Each structure stands twice: as C-alpha cells, then as structure tokens.
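Next comes input.pdb, a file with PDB, C-alpha atoms.
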```pdb
ATOM      1  CA  MET T   1     146.688 119.276  98.060  1.00  0.00           C
ATOM      2  CA  LYS T   2     144.004 116.869  96.864  1.00  0.00           C
ATOM      3  CA  ALA T   3     140.675 118.064  95.567  1.00  0.00           C
ATOM      4  CA  PRO T   4     137.887 116.535  93.531  1.00  0.00           C
ATOM      5  CA  GLY T   5     137.838 117.228  89.828  1.00  0.00           C
ATOM      6  CA  PRO T   6     139.843 116.536  86.695  1.00  0.00           C
ATOM      7  CA  GLN T   7     143.077 117.530  88.405  1.00  0.00           C
ATOM      8  CA  ALA T   8     142.548 115.590  91.600  1.00  0.00           C
ATOM      9  CA  ALA T   9     145.994 116.216  93.038  1.00  0.00           C
ATOM     10  CA  GLU T  10     148.060 119.330  92.757  1.00  0.00           C
ATOM     11  CA  THR T  11     151.356 120.323  94.286  1.00  0.00           C
ATOM     12  CA  ILE T  12     151.909 123.957  95.135  1.00  0.00           C
ATOM     13  CA  TRP T  13     155.196 125.248  96.503  1.00  0.00           C
ATOM     14  CA  LEU T  14     155.066 128.585  98.248  1.00  0.00           C
ATOM     15  CA  GLU T  15     158.022 130.538  99.515  1.00  0.00           C
ATOM     16  CA  GLY T  16     158.119 133.292 102.110  1.00  0.00           C
ATOM     17  CA  GLY T  17     155.411 135.869 101.514  1.00  0.00           C
ATOM     18  CA  GLU T  18     153.880 134.231  98.440  1.00  0.00           C
ATOM     19  CA  GLU T  19     150.168 133.560  98.323  1.00  0.00           C
ATOM     20  CA  SER T  20     148.467 130.742  96.508  1.00  0.00           C
ATOM     21  CA  ARG T  21     145.656 131.319  94.103  1.00  0.00           C
ATOM     22  CA  PRO T  22     142.173 130.755  95.581  1.00  0.00           C
ATOM     23  CA  VAL T  23     141.280 127.106  96.023  1.00  0.00           C
ATOM     24  CA  VAL T  24     137.664 125.965  95.884  1.00  0.00           C
ATOM     25  CA  LEU T  25     137.012 123.452  98.621  1.00  0.00           C
ATOM     26  CA  ALA T  26     134.227 120.935  98.377  1.00  0.00           C
ATOM     27  CA  ARG T  27     131.117 122.146 100.117  1.00  0.00           C
ATOM     28  CA  VAL T  28     130.185 120.425 103.317  1.00  0.00           C
ATOM     29  CA  ALA T  29     126.649 119.122 103.169  1.00  0.00           C
ATOM     30  CA  ALA T  30     124.243 120.671 105.638  1.00  0.00           C
ATOM     31  CA  PRO T  31     122.962 118.235 108.238  1.00  0.00           C
ATOM     32  CA  PRO T  32     119.487 116.878 107.463  1.00  0.00           C
ATOM     33  CA  SER T  33     116.504 118.514 109.145  1.00  0.00           C
ATOM     34  CA  ARG T  34     114.779 116.810 112.059  1.00  0.00           C
ATOM     35  CA  ALA T  35     111.818 116.125 109.764  1.00  0.00           C
ATOM     36  CA  ALA T  36     114.090 114.420 107.217  1.00  0.00           C
ATOM     37  CA  VAL T  37     115.681 112.292 109.945  1.00  0.00           C
ATOM     38  CA  ALA T  38     112.228 111.401 111.304  1.00  0.00           C
ATOM     39  CA  ARG T  39     111.006 110.400 107.815  1.00  0.00           C
ATOM     40  CA  THR T  40     114.089 108.259 107.274  1.00  0.00           C
ATOM     41  CA  TYR T  41     113.719 106.392 110.554  1.00  0.00           C
ATOM     42  CA  LEU T  42     109.944 106.068 110.201  1.00  0.00           C
ATOM     43  CA  GLY T  43     110.588 104.335 106.884  1.00  0.00           C
ATOM     44  CA  LEU T  44     113.208 102.129 108.527  1.00  0.00           C
ATOM     45  CA  GLY T  45     110.676 101.264 111.226  1.00  0.00           C
ATOM     46  CA  PHE T  46     108.196 100.073 108.620  1.00  0.00           C
ATOM     47  CA  THR T  47     110.817  98.006 106.795  1.00  0.00           C
ATOM     48  CA  HIS T  48     111.869  96.602 110.169  1.00  0.00           C
ATOM     49  CA  ILE T  49     108.392  95.064 110.377  1.00  0.00           C
ATOM     50  CA  VAL T  50     107.692  94.316 106.682  1.00  0.00           C
ATOM     51  CA  PRO T  51     109.665  92.523 105.301  1.00  0.00           C
ATOM     52  CA  GLY T  52     112.491  92.518 107.865  1.00  0.00           C
ATOM     53  CA  GLY T  53     110.492  91.908 111.037  1.00  0.00           C
ATOM     54  CA  LEU T  54     109.550  88.282 110.777  1.00  0.00           C
ATOM     55  CA  ASP T  55     110.396  87.909 114.472  1.00  0.00           C
ATOM     56  CA  HIS T  56     107.763  90.500 115.482  1.00  0.00           C
ATOM     57  CA  ILE T  57     105.191  89.090 113.081  1.00  0.00           C
ATOM     58  CA  LEU T  58     105.650  85.534 114.389  1.00  0.00           C
ATOM     59  CA  PHE T  59     105.533  86.689 118.001  1.00  0.00           C
ATOM     60  CA  VAL T  60     102.344  88.740 117.570  1.00  0.00           C
ATOM     61  CA  LEU T  61     100.798  85.931 115.530  1.00  0.00           C
ATOM     62  CA  GLY T  62     101.552  83.617 118.452  1.00  0.00           C
ATOM     63  CA  ILE T  63      99.690  86.018 120.752  1.00  0.00           C
ATOM     64  CA  PHE T  64      96.656  85.917 118.465  1.00  0.00           C
ATOM     65  CA  LEU T  65      96.607  82.132 118.203  1.00  0.00           C
ATOM     66  CA  LEU T  66      96.125  81.487 121.920  1.00  0.00           C
ATOM     67  CA  SER T  67      93.654  84.302 122.549  1.00  0.00           C
ATOM     68  CA  GLY T  68      90.138  83.852 121.264  1.00  0.00           C
ATOM     69  CA  ARG T  69      88.822  87.164 122.584  1.00  0.00           C
ATOM     70  CA  LEU T  70      89.769  90.719 121.703  1.00  0.00           C
ATOM     71  CA  ARG T  71      90.451  92.031 125.216  1.00  0.00           C
ATOM     72  CA  PRO T  72      93.309  89.599 126.075  1.00  0.00           C
ATOM     73  CA  ILE T  73      94.850  90.232 122.654  1.00  0.00           C
ATOM     74  CA  LEU T  74      94.776  94.001 123.214  1.00  0.00           C
ATOM     75  CA  TRP T  75      96.365  93.631 126.664  1.00  0.00           C
ATOM     76  CA  GLN T  76      99.171  91.485 125.287  1.00  0.00           C
ATOM     77  CA  VAL T  77      99.841  93.603 122.200  1.00  0.00           C
ATOM     78  CA  SER T  78      99.811  96.750 124.370  1.00  0.00           C
ATOM     79  CA  ALA T  79     102.254  95.189 126.843  1.00  0.00           C
ATOM     80  CA  PHE T  80     104.535  94.122 123.992  1.00  0.00           C
ATOM     81  CA  THR T  81     104.410  97.577 122.365  1.00  0.00           C
ATOM     82  CA  LEU T  82     105.024  99.430 125.640  1.00  0.00           C
ATOM     83  CA  ALA T  83     107.992  97.227 126.543  1.00  0.00           C
ATOM     84  CA  HIS T  84     109.383  97.396 123.004  1.00  0.00           C
ATOM     85  CA  SER T  85     109.197 101.209 123.047  1.00  0.00           C
ATOM     86  CA  MET T  86     110.765 101.478 126.504  1.00  0.00           C
ATOM     87  CA  THR T  87     113.833  99.405 125.710  1.00  0.00           C
ATOM     88  CA  LEU T  88     114.144 100.985 122.281  1.00  0.00           C
ATOM     89  CA  GLY T  89     114.527 104.401 123.912  1.00  0.00           C
ATOM     90  CA  LEU T  90     116.652 103.230 126.840  1.00  0.00           C
ATOM     91  CA  THR T  91     119.012 101.326 124.558  1.00  0.00           C
ATOM     92  CA  LEU T  92     119.365 104.141 122.017  1.00  0.00           C
ATOM     93  CA  TYR T  93     120.228 106.594 124.806  1.00  0.00           C
ATOM     94  CA  GLY T  94     122.799 104.195 126.252  1.00  0.00           C
ATOM     95  CA  VAL T  95     120.983 103.577 129.547  1.00  0.00           C
ATOM     96  CA  ILE T  96     120.964  99.822 128.963  1.00  0.00           C
ATOM     97  CA  ALA T  97     123.047  97.681 126.651  1.00  0.00           C
ATOM     98  CA  LEU T  98     123.286  94.010 125.845  1.00  0.00           C
ATOM     99  CA  PRO T  99     125.257  92.568 122.937  1.00  0.00           C
ATOM    100  CA  SER T 100     123.208  91.322 120.002  1.00  0.00           C
ATOM    101  CA  SER T 101     124.861  87.922 120.457  1.00  0.00           C
ATOM    102  CA  ILE T 102     122.728  87.607 123.612  1.00  0.00           C
ATOM    103  CA  VAL T 103     119.598  89.524 122.561  1.00  0.00           C
ATOM    104  CA  GLU T 104     118.963  87.914 119.165  1.00  0.00           C
ATOM    105  CA  PRO T 105     118.983  84.284 120.397  1.00  0.00           C
ATOM    106  CA  MET T 106     116.706  85.309 123.286  1.00  0.00           C
ATOM    107  CA  ILE T 107     114.281  86.860 120.783  1.00  0.00           C
ATOM    108  CA  ALA T 108     114.256  83.582 118.875  1.00  0.00           C
ATOM    109  CA  MET T 109     113.645  81.707 122.135  1.00  0.00           C
ATOM    110  CA  SER T 110     110.697  84.006 122.921  1.00  0.00           C
ATOM    111  CA  ILE T 111     109.076  83.070 119.609  1.00  0.00           C
ATOM    112  CA  VAL T 112     109.680  79.369 120.212  1.00  0.00           C
ATOM    113  CA  TYR T 113     108.295  79.659 123.751  1.00  0.00           C
ATOM    114  CA  VAL T 114     105.061  81.306 122.578  1.00  0.00           C
ATOM    115  CA  ALA T 115     104.691  78.714 119.799  1.00  0.00           C
ATOM    116  CA  VAL T 116     105.221  75.779 122.183  1.00  0.00           C
ATOM    117  CA  GLU T 117     102.892  77.297 124.777  1.00  0.00           C
ATOM    118  CA  ASN T 118     100.218  77.604 122.088  1.00  0.00           C
ATOM    119  CA  LEU T 119     100.644  73.900 121.279  1.00  0.00           C
ATOM    120  CA  VAL T 120     100.515  72.572 124.848  1.00  0.00           C
ATOM    121  CA  THR T 121      97.766  74.722 126.353  1.00  0.00           C
ATOM    122  CA  SER T 122      94.405  75.962 125.217  1.00  0.00           C
ATOM    123  CA  GLU T 123      93.831  78.580 127.891  1.00  0.00           C
ATOM    124  CA  LEU T 124      95.430  81.925 128.510  1.00  0.00           C
ATOM    125  CA  LYS T 125      97.366  81.996 131.788  1.00  0.00           C
ATOM    126  CA  PRO T 126      97.022  85.084 134.036  1.00  0.00           C
ATOM    127  CA  TRP T 127     100.774  85.762 133.910  1.00  0.00           C
ATOM    128  CA  ARG T 128     100.871  85.774 130.100  1.00  0.00           C
ATOM    129  CA  VAL T 129     100.682  89.603 129.852  1.00  0.00           C
ATOM    130  CA  ALA T 130     103.741  89.958 132.121  1.00  0.00           C
ATOM    131  CA  LEU T 131     105.602  87.368 130.063  1.00  0.00           C
ATOM    132  CA  VAL T 132     104.725  89.156 126.811  1.00  0.00           C
ATOM    133  CA  PHE T 133     105.931  92.418 128.398  1.00  0.00           C
ATOM    134  CA  GLY T 134     109.265  90.774 129.224  1.00  0.00           C
ATOM    135  CA  PHE T 135     109.600  89.427 125.708  1.00  0.00           C
ATOM    136  CA  GLY T 136     108.745  92.896 124.369  1.00  0.00           C
ATOM    137  CA  LEU T 137     111.748  94.244 126.284  1.00  0.00           C
ATOM    138  CA  LEU T 138     113.980  91.838 124.357  1.00  0.00           C
ATOM    139  CA  HIS T 139     112.437  92.678 120.994  1.00  0.00           C
ATOM    140  CA  GLY T 140     112.935  96.411 121.682  1.00  0.00           C
ATOM    141  CA  MET T 141     116.608  95.850 122.440  1.00  0.00           C
ATOM    142  CA  GLY T 142     116.970  93.934 119.210  1.00  0.00           C
ATOM    143  CA  PHE T 143     115.394  96.748 117.195  1.00  0.00           C
ATOM    144  CA  ALA T 144     117.542  99.350 118.958  1.00  0.00           C
ATOM    145  CA  GLY T 145     120.657  97.343 118.145  1.00  0.00           C
ATOM    146  CA  GLY T 146     119.696  97.427 114.478  1.00  0.00           C
ATOM    147  CA  LEU T 147     119.147 101.195 114.608  1.00  0.00           C
ATOM    148  CA  ARG T 148     122.472 101.705 116.373  1.00  0.00           C
ATOM    149  CA  GLU T 149     124.250  99.825 113.599  1.00  0.00           C
ATOM    150  CA  MET T 150     122.690 102.292 111.141  1.00  0.00           C
ATOM    151  CA  ALA T 151     124.174 105.170 113.177  1.00  0.00           C
ATOM    152  CA  LEU T 152     121.227 107.247 114.366  1.00  0.00           C
ATOM    153  CA  PRO T 153     122.521 110.822 114.703  1.00  0.00           C
ATOM    154  CA  ARG T 154     123.473 111.480 118.353  1.00  0.00           C
ATOM    155  CA  CYS T 155     121.604 114.822 118.452  1.00  0.00           C
ATOM    156  CA  GLU T 156     118.347 113.190 117.355  1.00  0.00           C
TER     157      GLU T 156
END
```

Same coordinates, now as structure tokens:
Amino acid sequence: MKAPGPQAAETIWLEGGEESRPVVLARVAAPPSRAAVARTYLGLGFTHIVPGGLDHILFVLGIFLLSGRLRPILWQVSAFTLAHSMTLGLTLYGVIALPSSIVEPMIAMSIVYVAVENLVTSELKPWRVALVFGFGLLHGMGFAGGLREMALPRCE
C-alpha cells in the first residue's frame, strides 16, 4: 500500500480472518463550484485577449482602420462577436471540430486579408460584415481549441 506521508510505502500481510489497522486515505478534493469555474474561465477569457489575444486585437484594429464612422464599426464588431461566440459554444460542445493546424493559419490569413484590404481600398464594401462574420467563426474555433486544451470540465 502506498500513501502520502513520512512512511510513503508500507507492506501489510494479512492472513485468514485478520484485520488491518485503520488506514487514513487521502481526501478527495471536492469539485469546484460553478461560480469558481466561471471565475476561472472568465479570467482565462481576459488573458486570451490581453496579452494572449494579439490575433483578435489586430483583427479588430483592422476593422477600425477602414471604417471612419461608428455604425459600420459596430456592425462589424457585432458580427465578429456573434460568430466568435457561436463557434466557441458549438466547438466546446463537440458539434463542430477542426484541427488547430487548419484553424490557426486561417486566423492568421484573416488578419492579413483585413490588413491588405485596408491598404488597397479606402471604402467599406457592402459584403464586409459577412466577411467579418466568417472570420469571427474562425477566431471562435481558435479560442475554443485553446479552452479545450485546458480541459474545461465536461459538466460545465
């Protein structure tokens, strides 16, 4: 029998009818409360953006650079956030799955695309919101992949 403590391992031989002395087993930690899990992942969400979310920051900055008015910016940021949230949930619940070896390069390409588009055009195209929505889907999958690697509890 192995147990924590100064005598980490102990051998006990029992013969017919003998009983061992009581053995204290290590206590099993109680699972964290839903509030504790929520606080943990809320904190991870913030660190995903600052300092770990350079991809999101660059992408949203690219949205701001081409749009001179508030309304188009709000439409694009809302589309990005909605798409990001949708794929985050769908990926975490196993409804959709793509390997990070595909998702991460596509996220990088989305940032490059927005940057190049900002350089070659000065006007916002009507399809830009749909494009930003599509790129938000990718960014959500990337974030979900990161959360999956950190092993979000299945019951949460």

Run through the PyMOL selection byres ((chain T and resi 66) around 10) on the given coordinates and return the selected residues as a list in words.
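Residues picked by the PyMOL selection byres ((chain T and resi 66) around 10): Leu61, Gly62, Ile63, Phe64, Leu65, Ser67, Gly68, Arg69, Pro72, Ile73, Val114, Ala115, Glu117, Asn118, Leu119, Thr121, Ser122, Glu123, Leu124 and Lys125 of chain T.
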
Please report the interatomic distance between CA of Met86 (chain T) and CA of Pro32 (chain T) in Å with one decimal.
26.0 Å

List the residues selected by the PyMOL selection byres ((chain T and resi 96) around 12) in the file shown, writing them as a list in words.
Met86, Thr87, Leu88, Gly89, Leu90, Thr91, Leu92, Tyr93, Gly94, Val95, Ala97, Leu98, Pro99, Leu137, Leu138, Gly140, Met141, Ala144 and Gly145 of chain T

How far is it from CA of Gly43 (chain T) to CA of Phe80 (chain T), in Å with one decimal?
20.8 Å

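Distances here use all atoms listed in the file; by that measure, the residue among T:Ser85, T:Val77, T:Leu58, T:Pro126 closest to Val112 (chain T) is T:Leu58.
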
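Remark: for Gln76 (chain T), the closest of the candidate residues T:Ala35, T:Leu54, T:Val60, T:Ile111 is T:Val60 (distances computed over only C-alpha atoms).
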